[in-house]
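Shown here: my_file_33.txt, compact mmCIF, C-alpha atoms and all ligand atoms.
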# COMPACT_ATOMS: atom_id res chain seq x y z
CA MET K 2 75.74 86.67 98.45
CA ARG K 3 78.11 83.81 97.81
CA THR K 4 80.83 86.10 96.55
CA ARG K 5 80.37 88.29 99.52
CA SER K 6 80.76 85.54 102.04
CA THR K 7 83.89 84.39 100.19
CA ALA K 8 85.29 87.89 100.44
CA ARG K 9 84.47 87.87 104.14
CA THR K 10 86.28 84.60 104.55
CA VAL K 11 89.36 86.07 102.94
CA ILE K 12 89.14 89.06 105.24
CA ALA K 13 88.66 86.81 108.25
CA VAL K 14 91.71 84.79 107.28
CA LEU K 15 93.80 87.92 106.95
CA THR K 16 92.59 89.16 110.29
CA GLY K 17 93.79 85.92 111.79
CA VAL K 18 97.11 86.34 110.09
CA LEU K 19 97.45 89.89 111.38
CA LEU K 20 96.53 88.90 114.90
CA ALA K 21 98.86 85.96 114.86
CA GLY K 22 101.87 87.91 113.83
CA GLY K 23 103.78 90.17 116.13
CA MET K 24 106.79 88.28 114.91
CA VAL K 25 106.53 89.05 111.24
CA ALA K 26 109.67 90.33 109.63
CA CYS K 27 109.52 92.19 106.37
CA GLY K 28 111.34 94.12 103.69
CA ASN K 29 114.94 93.29 103.02
CA SER K 30 115.69 92.47 106.60
CA ASP K 31 116.84 88.90 107.11
CA THR K 32 114.15 87.01 108.94
CA GLY K 33 116.60 86.03 111.66
CA GLY K 34 114.01 86.05 114.45
CA ASP K 35 112.53 82.82 113.10
CA SER K 36 113.38 79.71 114.99
CA GLY K 37 114.70 76.55 113.41
CA SER K 38 115.04 76.71 109.65
CA GLY K 39 118.59 77.53 108.63
CA GLY K 40 118.52 80.48 106.19
CA SER K 41 119.94 78.61 103.24
CA ASP K 42 116.98 76.41 102.35
CA LYS K 43 114.44 79.21 102.78
CA LEU K 44 112.67 80.16 99.59
CA VAL K 45 113.80 83.64 98.52
CA LEU K 46 111.15 85.73 96.80
CA GLY K 47 112.01 89.01 95.07
CA PHE K 48 108.95 91.26 94.90
CA SER K 49 108.77 94.54 93.01
CA GLN K 50 105.83 96.63 94.19
CA VAL K 51 104.30 99.47 92.13
CA GLY K 52 104.60 102.09 94.88
CA ALA K 53 102.56 103.44 97.78
CA GLU K 54 100.06 105.47 95.78
CA SER K 55 96.82 104.40 97.47
CA GLY K 56 95.15 102.75 100.46
CA TRP K 57 94.76 99.66 98.27
CA ARG K 58 98.50 99.51 97.66
CA THR K 59 99.34 99.89 101.34
CA ALA K 60 96.99 97.01 102.22
CA ASN K 61 98.48 94.92 99.41
CA THR K 62 102.03 95.51 100.65
CA THR K 63 101.01 94.61 104.21
CA SER K 64 99.33 91.44 103.01
CA ILE K 65 102.44 90.37 101.08
CA LYS K 66 104.88 91.12 103.90
CA GLU K 67 102.73 89.41 106.53
CA ALA K 68 102.09 86.36 104.37
CA ALA K 69 105.80 85.95 103.58
CA GLY K 70 106.58 85.93 107.31
CA GLN K 71 103.83 83.39 107.95
CA ALA K 72 104.98 81.15 105.10
CA GLY K 73 108.64 81.23 106.18
CA ILE K 74 109.64 82.88 102.91
CA GLU K 75 112.50 85.37 102.75
CA LEU K 76 111.09 88.43 101.02
CA LYS K 77 113.22 90.92 99.15
CA PHE K 78 110.84 93.84 98.75
CA ASP K 79 111.35 96.79 96.42
CA ASP K 80 109.10 99.85 96.06
CA ALA K 81 109.29 101.25 92.50
CA GLN K 82 107.59 104.57 93.26
CA GLN K 83 105.28 104.14 90.28
CA LYS K 84 108.17 104.09 87.77
CA GLN K 85 108.65 101.29 85.29
CA GLU K 86 112.41 101.86 85.06
CA ASN K 87 112.70 101.25 88.81
CA GLN K 88 110.80 97.99 88.46
CA ILE K 89 113.05 96.82 85.64
CA LYS K 90 116.10 97.69 87.76
CA ALA K 91 114.69 95.78 90.74
CA ILE K 92 113.95 92.70 88.62
CA ARG K 93 117.52 92.78 87.23
CA ASN K 94 118.84 92.98 90.79
CA PHE K 95 116.76 89.98 91.79
CA ILE K 96 118.15 88.04 88.83
CA GLN K 97 121.69 88.97 89.83
CA GLN K 98 121.03 87.88 93.40
CA LYS K 99 119.70 84.56 92.06
CA VAL K 100 116.45 84.68 94.03
CA ASP K 101 114.27 81.57 93.72
CA VAL K 102 111.14 83.31 92.44
CA ILE K 103 110.38 86.82 91.18
CA ALA K 104 106.94 88.37 91.59
CA PHE K 105 105.86 91.84 90.58
CA SER K 106 102.89 94.06 90.06
CA PRO K 107 103.61 95.80 86.73
CA VAL K 108 102.93 99.53 86.90
CA VAL K 109 101.99 99.62 83.18
CA GLU K 110 101.09 96.82 80.76
CA SER K 111 103.71 97.27 78.01
CA GLY K 112 107.46 97.03 77.77
CA TRP K 113 108.33 93.98 79.84
CA ASP K 114 109.48 91.41 77.28
CA THR K 115 113.23 92.06 77.49
CA VAL K 116 113.55 91.85 81.26
CA LEU K 117 111.15 88.90 81.46
CA LYS K 118 113.32 87.06 78.91
CA GLU K 119 116.34 87.75 81.10
CA ALA K 120 114.56 86.12 84.04
CA LYS K 121 113.55 83.17 81.90
CA ASP K 122 117.12 82.69 80.63
CA ALA K 123 118.29 82.73 84.26
CA LYS K 124 115.64 80.04 84.95
CA ILE K 125 113.91 82.12 87.59
CA PRO K 126 110.12 81.70 87.49
CA VAL K 127 108.05 84.89 87.45
CA ILE K 128 104.61 85.44 88.95
CA LEU K 129 102.50 88.47 88.05
CA THR K 130 100.35 89.81 90.86
CA ASP K 131 97.56 92.38 90.74
CA ARG K 132 98.29 93.84 87.27
CA ALA K 133 98.83 92.18 83.91
CA VAL K 134 101.42 92.65 81.14
CA ASP K 135 100.52 92.65 77.44
CA SER K 136 103.37 90.32 76.38
CA ALA K 137 102.32 87.97 73.58
CA ASP K 138 104.71 85.30 74.87
CA LYS K 139 102.86 83.74 77.79
CA SER K 140 105.84 81.52 78.64
CA LEU K 141 107.54 84.58 80.13
CA TYR K 142 105.58 84.17 83.37
CA LYS K 143 104.00 81.25 85.21
CA THR K 144 100.74 82.79 86.29
CA PHE K 145 98.83 86.01 86.85
CA LEU K 146 97.08 86.40 90.21
CA GLY K 147 94.67 89.31 90.48
CA SER K 148 91.29 90.85 89.84
CA ASP K 149 89.19 91.06 86.72
CA PHE K 150 89.36 94.82 86.20
CA VAL K 151 87.04 94.80 83.17
CA LYS K 152 84.40 93.19 85.34
CA GLU K 153 84.87 95.83 88.05
CA GLY K 154 84.27 98.58 85.47
CA ARG K 155 81.28 96.73 84.09
CA LEU K 156 79.69 96.30 87.53
CA ALA K 157 80.13 100.02 88.17
CA GLY K 158 78.55 100.86 84.80
CA GLU K 159 75.67 98.42 85.21
CA TRP K 160 74.78 99.91 88.57
CA LEU K 161 74.67 103.37 86.99
CA VAL K 162 72.51 102.19 84.09
CA GLU K 163 70.01 100.81 86.60
CA GLN K 164 70.04 104.03 88.69
CA LYS K 165 69.48 106.25 85.68
CA LYS K 166 67.02 104.14 83.76
CA ALA K 167 64.27 106.75 84.16
CA ALA K 168 66.48 109.61 82.92
CA THR K 169 64.93 111.46 80.00
CA GLY K 170 67.83 113.83 79.25
CA PRO K 171 71.62 113.62 79.13
CA VAL K 172 73.49 112.33 82.19
CA ASN K 173 76.98 113.87 82.17
CA ILE K 174 79.72 111.65 83.53
CA VAL K 175 83.32 112.58 84.32
CA GLU K 176 85.91 109.85 84.69
CA LEU K 177 89.06 109.90 86.81
CA GLN K 178 91.30 107.30 85.25
CA GLY K 179 94.06 105.40 87.03
CA THR K 180 97.70 105.51 85.98
CA THR K 181 97.96 105.91 82.21
CA GLY K 182 98.80 102.62 80.52
CA SER K 183 98.11 100.50 83.62
CA ALA K 184 95.94 97.42 83.37
CA PRO K 185 93.34 98.61 85.91
CA ALA K 186 92.95 101.99 84.15
CA ASN K 187 92.63 100.41 80.69
CA ASP K 188 90.29 97.66 81.81
CA ARG K 189 88.04 99.61 84.17
CA LYS K 190 87.52 102.21 81.46
CA LYS K 191 86.64 99.49 78.98
CA GLY K 192 84.19 97.64 81.25
CA PHE K 193 82.46 100.83 82.35
CA GLY K 194 82.21 102.18 78.79
CA GLU K 195 80.71 98.94 77.51
CA ALA K 196 78.11 98.83 80.29
CA ILE K 197 76.90 102.43 79.95
CA ALA K 198 76.54 102.03 76.18
CA ALA K 199 73.20 100.39 77.09
CA ASN K 200 71.74 103.88 77.64
CA PRO K 201 72.62 106.60 75.11
CA ASN K 202 71.71 109.28 77.69
CA LEU K 203 74.82 108.33 79.68
CA LYS K 204 77.75 110.28 78.30
CA ILE K 205 81.36 110.60 79.43
CA VAL K 206 82.01 114.32 78.97
CA ALA K 207 85.57 114.36 80.38
CA SER K 208 88.10 111.65 81.20
CA GLN K 209 91.62 112.12 82.53
CA SER K 210 94.21 110.38 84.67
CA GLY K 211 94.55 111.21 88.37
CA ASP K 212 97.30 108.59 88.70
CA PHE K 213 95.40 106.65 91.40
CA THR K 214 96.30 109.26 94.06
CA ARG K 215 94.20 111.55 96.25
CA ALA K 216 96.15 114.61 95.14
CA GLY K 217 95.67 113.65 91.49
CA GLY K 218 91.94 113.08 92.01
CA LYS K 219 91.48 116.45 93.67
CA GLN K 220 93.42 118.38 91.08
CA VAL K 221 91.78 116.81 88.04
CA MET K 222 88.30 117.10 89.57
CA GLU K 223 88.90 120.83 90.09
CA GLN K 224 89.60 121.14 86.37
CA PHE K 225 86.55 119.05 85.48
CA LEU K 226 84.34 121.28 87.64
CA LYS K 227 85.70 124.45 86.06
CA ALA K 228 85.25 123.20 82.51
CA ASN K 229 81.87 121.47 82.88
CA PRO K 230 78.92 123.40 84.32
CA LYS K 231 76.77 120.27 84.63
CA ILE K 232 78.37 117.14 86.10
CA ASP K 233 75.92 114.46 87.21
CA VAL K 234 78.23 111.52 87.87
CA LEU K 235 81.86 110.87 88.77
CA PHE K 236 83.40 107.49 88.00
CA ALA K 237 86.80 107.27 89.74
CA HIS K 238 88.99 104.24 89.03
CA ASN K 239 89.87 103.98 92.74
CA ASP K 240 88.70 105.18 96.14
CA ASP K 241 91.66 107.47 96.71
CA MET K 242 90.97 109.60 93.63
CA GLY K 243 87.30 109.71 94.64
CA LEU K 244 88.30 110.86 98.13
CA GLY K 245 90.51 113.60 96.66
CA ALA K 246 87.65 114.64 94.37
CA LEU K 247 85.33 115.05 97.39
CA GLU K 248 87.37 118.06 98.48
CA ALA K 249 87.12 119.68 95.06
CA ILE K 250 83.37 119.03 94.87
CA THR K 251 82.70 120.48 98.32
CA ALA K 252 84.89 123.49 97.59
CA ALA K 253 82.81 124.09 94.45
CA GLY K 254 79.69 124.30 96.64
CA LYS K 255 78.22 120.96 95.55
CA VAL K 256 77.11 118.07 97.72
CA PRO K 257 78.95 114.82 96.95
CA GLY K 258 76.68 111.79 96.74
CA LYS K 259 73.66 114.04 96.07
CA ASP K 260 74.43 116.69 93.44
CA ILE K 261 77.04 114.36 91.95
CA THR K 262 76.67 110.58 92.08
CA ILE K 263 80.07 109.06 92.89
CA ILE K 264 81.15 105.58 91.87
CA THR K 265 84.59 104.20 92.72
CA VAL K 266 86.58 100.94 92.80
CA ASP K 267 88.55 99.22 95.65
CA ALA K 268 86.45 99.41 98.84
CA VAL K 269 89.31 100.28 101.19
CA LYS K 270 88.24 101.47 104.63
CA ASP K 271 88.25 105.21 103.87
CA GLY K 272 86.24 104.59 100.72
CA MET K 273 83.75 102.44 102.62
CA GLN K 274 83.44 105.18 105.24
CA ALA K 275 82.64 107.75 102.55
CA LEU K 276 80.06 105.35 101.12
CA ALA K 277 78.46 104.70 104.53
CA ASP K 278 78.42 108.49 105.12
CA GLY K 279 76.48 109.05 101.89
CA LYS K 280 79.30 110.84 100.07
CA PHE K 281 79.97 107.98 97.66
CA ASN K 282 77.12 106.05 96.06
CA PHE K 283 78.62 102.75 94.89
CA ILE K 284 81.92 100.86 95.08
CA ALA K 285 83.07 97.87 93.04
CA GLU K 286 85.39 95.93 95.32
CA CYS K 287 88.96 95.04 94.37
CA SER K 288 90.73 92.87 96.91
CA PRO K 289 94.34 93.71 97.83
CA LEU K 290 94.74 90.62 100.02
CA LEU K 291 96.89 88.67 97.61
CA GLY K 292 99.72 87.74 99.99
CA PRO K 293 98.70 84.23 101.13
CA GLN K 294 97.90 83.06 97.59
CA LEU K 295 101.12 84.55 96.27
CA MET K 296 103.24 82.69 98.84
CA ASP K 297 101.46 79.47 98.01
CA LEU K 298 102.11 79.97 94.31
CA ALA K 299 105.77 80.85 94.92
CA LYS K 300 106.26 77.54 96.73
CA LYS K 301 104.54 75.63 93.95
CA VAL K 302 106.48 77.16 91.07
CA LYS K 303 109.75 76.72 92.99
CA ALA K 304 108.88 73.03 93.35
CA GLY K 305 108.23 72.86 89.61
CA GLU K 306 104.52 72.19 90.08
CA GLU K 307 102.02 73.24 87.42
CA VAL K 308 99.87 76.23 88.41
CA PRO K 309 96.82 77.64 86.60
CA PRO K 310 97.88 80.45 84.21
CA ARG K 311 95.24 82.84 85.60
CA ILE K 312 93.92 83.06 89.14
CA GLU K 313 91.13 85.52 89.79
CA THR K 314 90.40 87.27 93.07
CA GLU K 315 86.86 86.98 94.42
CA GLU K 316 85.10 90.30 95.00
CA THR K 317 81.76 91.95 95.51
CA THR K 318 80.13 95.38 95.26
CA PHE K 319 78.86 97.78 97.94
CA THR K 320 76.00 100.26 98.19
CA GLN K 321 75.54 102.79 101.00
CA GLU K 322 73.45 100.26 102.93
CA THR K 323 75.80 97.29 102.59
CA ALA K 324 78.82 99.50 103.34
CA LYS K 325 77.28 100.39 106.71
CA GLU K 326 76.97 96.69 107.52
CA ALA K 327 80.47 95.77 106.36
CA LEU K 328 82.37 98.74 107.77
CA PRO K 329 82.80 97.56 111.39
CA ASN K 330 84.67 94.50 110.14
CA ARG K 331 86.71 96.21 107.45
CA LYS K 332 90.38 95.75 108.30
CA TYR K 333 92.07 97.78 105.57
O1 LIG K 401 92.72 99.75 92.37
C1 LIG K 401 94.46 101.25 93.00
C2 LIG K 401 95.91 101.03 93.08
O2 LIG K 401 96.32 97.76 90.67
C3 LIG K 401 94.26 97.06 91.54
O3 LIG K 401 96.19 100.17 92.00
C4 LIG K 401 95.40 97.98 91.68
C5 LIG K 401 95.03 99.44 91.71
C6 LIG K 401 94.04 99.84 92.77
O4 LIG K 401 96.66 102.13 93.19
O5 LIG K 401 93.94 101.81 94.17
Serialized structure, structure tokens:
Amino acid sequence: MRTRSTARTVIAVLTGVLLAGGMVACGNSDTGGDSGSGGSDKLVLGFSQVGAESGWRTANTTSIKEAAGQAGIELKFDDAQQKQENQIKAIRNFIQQKVDVIAFSPVVESGWDTVLKEAKDAKIPVILTDRAVDSADKSLYKTFLGSDFVKEGRLAGEWLVEQKKAATGPVNIVELQGTTGSAPANDRKKGFGEAIAANPNLKIVASQSGDFTRAGGKQVMEQFLKANPKIDVLFAHNDDMGLGALEAITAAGKVPGKDITIITVDAVKDGMQALADGKFNFIAECSPLLGPQLMDLAKKVKAGEEVPPRIETEETTFTQETAKEALPNRKY
């Protein structure tokens, strides 16, 4: 309950931010509409976003752009279209432009050390948002702001264990993984796998990446359905892949949420609607509303203040019943 009310507070705050801001400027545009502050002493934040692959990502981008406007921060925003090489290029551009702070959401976990060292040598502090890197050298970034993805997977798995505790035979699970090599895909898989190990009847019979997109979820689910005559459960690493899978399941003549139990992660509006409609069965929430905290952290690291090395987002879980209650107030 406590977590839930915290999540509501965050949502309420964002709503306020959204309502307050017709004047928000975003992207690379100079925020010239702002009164007063001469451009030169404005904090400049370079942000490299993963892409626009999901409803979660869109809400995350909105949160960051809105919060930058509210905080009087000049945002240089780059969309990497889910490609690591584009992110590395964007970070190098930010270094060249001598931005004050660099933040990014790393598409995959590995391969960042070189570019992060370049930022460090240029004395530009780096903040990780949403996704982690696997660099051993923790001095390469100031902090990591985002969710505990292992926990999200575990909560999804624990719910399933409880649902299927009376099962006497095998329960066949298919898993739609997020982007290969990404922190949320690695961690959600891990947390879910650990939780369902509590019941040997629960078996993952197929597991493949749908790249966090609806199209990917649909296509991979079609293959799963062709190859596996008995699928009892789908665990999708995000709502969008689950939503794509709904089409494949219906086309195969099965009833989503009944013939196949569907568990997802995120709790974006479309996912919550599917849950309230009885097509999904359970969602582990992952909050995309990182903008205000990110702006706060950017100001602190620019000022040379110490910040905690890890800041976790507060989240909850939803069933069909609680989704119905929460849906009218869901803003993203
Ligand atoms: O769950 C998914 C998105 O990194 C937490 O990326 C994020 C994930 C989110 O595409 O929908």
- Query: For ligand LIG 401 (chain K), which of K:Gly254, K:Gly170, K:Gly218, K:Pro289 is the closest residue, counting all atoms listed in the file?
  - Reply: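 Using all atoms listed in the file, ligand LIG 401 (chain K) sits closest to K:Pro289.
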Give me, as JSON lines, each residue of chain K that comes within 8 Å of ligand LIG 401 (chain K), together with its shortest interatomic pair and the distance in Å at one decimal, counting only C-alpha atoms and all ligand atoms, with rows ordered by chain and rising residue number.
{"residue": "K:Ala53", "atom": "CA", "partner": "K:LIG401", "partner_atom": "O4", "distance": 7.6}
{"residue": "K:Glu54", "atom": "CA", "partner": "K:LIG401", "partner_atom": "O4", "distance": 5.4}
{"residue": "K:Ser55", "atom": "CA", "partner": "K:LIG401", "partner_atom": "O4", "distance": 4.8}
{"residue": "K:Gly56", "atom": "CA", "partner": "K:LIG401", "partner_atom": "O5", "distance": 6.5}
{"residue": "K:Trp57", "atom": "CA", "partner": "K:LIG401", "partner_atom": "O5", "distance": 4.7}
{"residue": "K:Arg58", "atom": "CA", "partner": "K:LIG401", "partner_atom": "C2", "distance": 5.5}
{"residue": "K:Ser106", "atom": "CA", "partner": "K:LIG401", "partner_atom": "O2", "distance": 7.6}
{"residue": "K:Val108", "atom": "CA", "partner": "K:LIG401", "partner_atom": "O2", "distance": 7.8}
{"residue": "K:Asp131", "atom": "CA", "partner": "K:LIG401", "partner_atom": "O2", "distance": 5.5}
{"residue": "K:Arg132", "atom": "CA", "partner": "K:LIG401", "partner_atom": "O2", "distance": 5.6}
{"residue": "K:Gly147", "atom": "CA", "partner": "K:LIG401", "partner_atom": "C3", "distance": 7.8}
{"residue": "K:Ser148", "atom": "CA", "partner": "K:LIG401", "partner_atom": "C3", "distance": 7.1}
{"residue": "K:Phe150", "atom": "CA", "partner": "K:LIG401", "partner_atom": "C3", "distance": 7.6}
{"residue": "K:Gly179", "atom": "CA", "partner": "K:LIG401", "partner_atom": "C1", "distance": 7.3}
{"residue": "K:Ser183", "atom": "CA", "partner": "K:LIG401", "partner_atom": "O2", "distance": 7.8}
{"residue": "K:Ala184", "atom": "CA", "partner": "K:LIG401", "partner_atom": "O2", "distance": 7.3}
{"residue": "K:Pro185", "atom": "CA", "partner": "K:LIG401", "partner_atom": "O2", "distance": 5.7}
{"residue": "K:Asp212", "atom": "CA", "partner": "K:LIG401", "partner_atom": "O4", "distance": 7.9}
{"residue": "K:Phe213", "atom": "CA", "partner": "K:LIG401", "partner_atom": "O4", "distance": 5.0}
{"residue": "K:Thr214", "atom": "CA", "partner": "K:LIG401", "partner_atom": "O4", "distance": 7.2}
{"residue": "K:His238", "atom": "CA", "partner": "K:LIG401", "partner_atom": "O1", "distance": 6.7}
{"residue": "K:Asn239", "atom": "CA", "partner": "K:LIG401", "partner_atom": "O5", "distance": 4.8}
{"residue": "K:Asp240", "atom": "CA", "partner": "K:LIG401", "partner_atom": "O5", "distance": 6.5}
{"residue": "K:Asp241", "atom": "CA", "partner": "K:LIG401", "partner_atom": "O5", "distance": 6.6}
{"residue": "K:Val266", "atom": "CA", "partner": "K:LIG401", "partner_atom": "O1", "distance": 6.3}
{"residue": "K:Asp267", "atom": "CA", "partner": "K:LIG401", "partner_atom": "O1", "distance": 5.3}
{"residue": "K:Cys287", "atom": "CA", "partner": "K:LIG401", "partner_atom": "C3", "distance": 6.3}
{"residue": "K:Ser288", "atom": "CA", "partner": "K:LIG401", "partner_atom": "C3", "distance": 7.7}
{"residue": "K:Pro289", "atom": "CA", "partner": "K:LIG401", "partner_atom": "C3", "distance": 7.1}
- Query: What separation in Å, quoted to one decimal, exists between atom CA of Asn61 of chain K and atom CA of Leu290 of chain K?
  - Reply: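 So the answer is 5.7 Å.
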- Item | Contacts of segment 137-143 of chain K within 8 Å, all atoms listed in the file, excl. fewer than 5 positions in-chain, as a list in words |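 After dropping sequence-adjacent residues, the list is Asp114, Leu117, Lys118, Lys121, Pro126, Val127, Ile128, Leu129, Val302, Val308 and Pro310 of chain K.
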- Query: Nearest to Phe145 of chain K: which of K:Ala277, K:Leu177, K:Ala104, K:Ile197 is it, counting only C-alpha atoms?
  - Reply: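 Going through K:Ala277, K:Leu177, K:Ala104, K:Ile197 one by one, the smallest distance to Phe145 of chain K is for K:Ala104.
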- Show which residues sit within 8 Å of Ile263 of chain K, as a PyMOL selection string. Count only C-alpha atoms, and ignore same-chain residues fewer than 2 positions away. chain K and resi 234-237+243+257-258+261+265+280-283
- Task: Can you work out which one of K:Ala72, K:Met296, K:Val116, K:Ile284 has the shortest atom-to-atom distance to Glu159 of chain K, counting only C-alpha atoms?
- Result: K:Ile284
- Neighbour residues at most 12 Å from (80.5, 95.5, 99.6) (all atoms listed in the file) as JSON, numbers by chain: {"K": [2, 4, 5, 6, 7, 8, 9, 265, 266, 267, 268, 269, 270, 272, 273, 274, 276, 277, 282, 283, 284, 285, 286, 287, 288, 315, 316, 317, 318, 319, 320, 321, 322, 323, 324, 325, 326, 327, 328, 330, 331]}
- Message: So, with all atoms listed in the file as the atoms that count, which of K:Gln82, K:Gly47, K:Thr59, K:Ala228 lies closest to Asn94 of chain K?
- Response: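 The answer is K:Gly47, which sits nearest to Asn94 of chain K.
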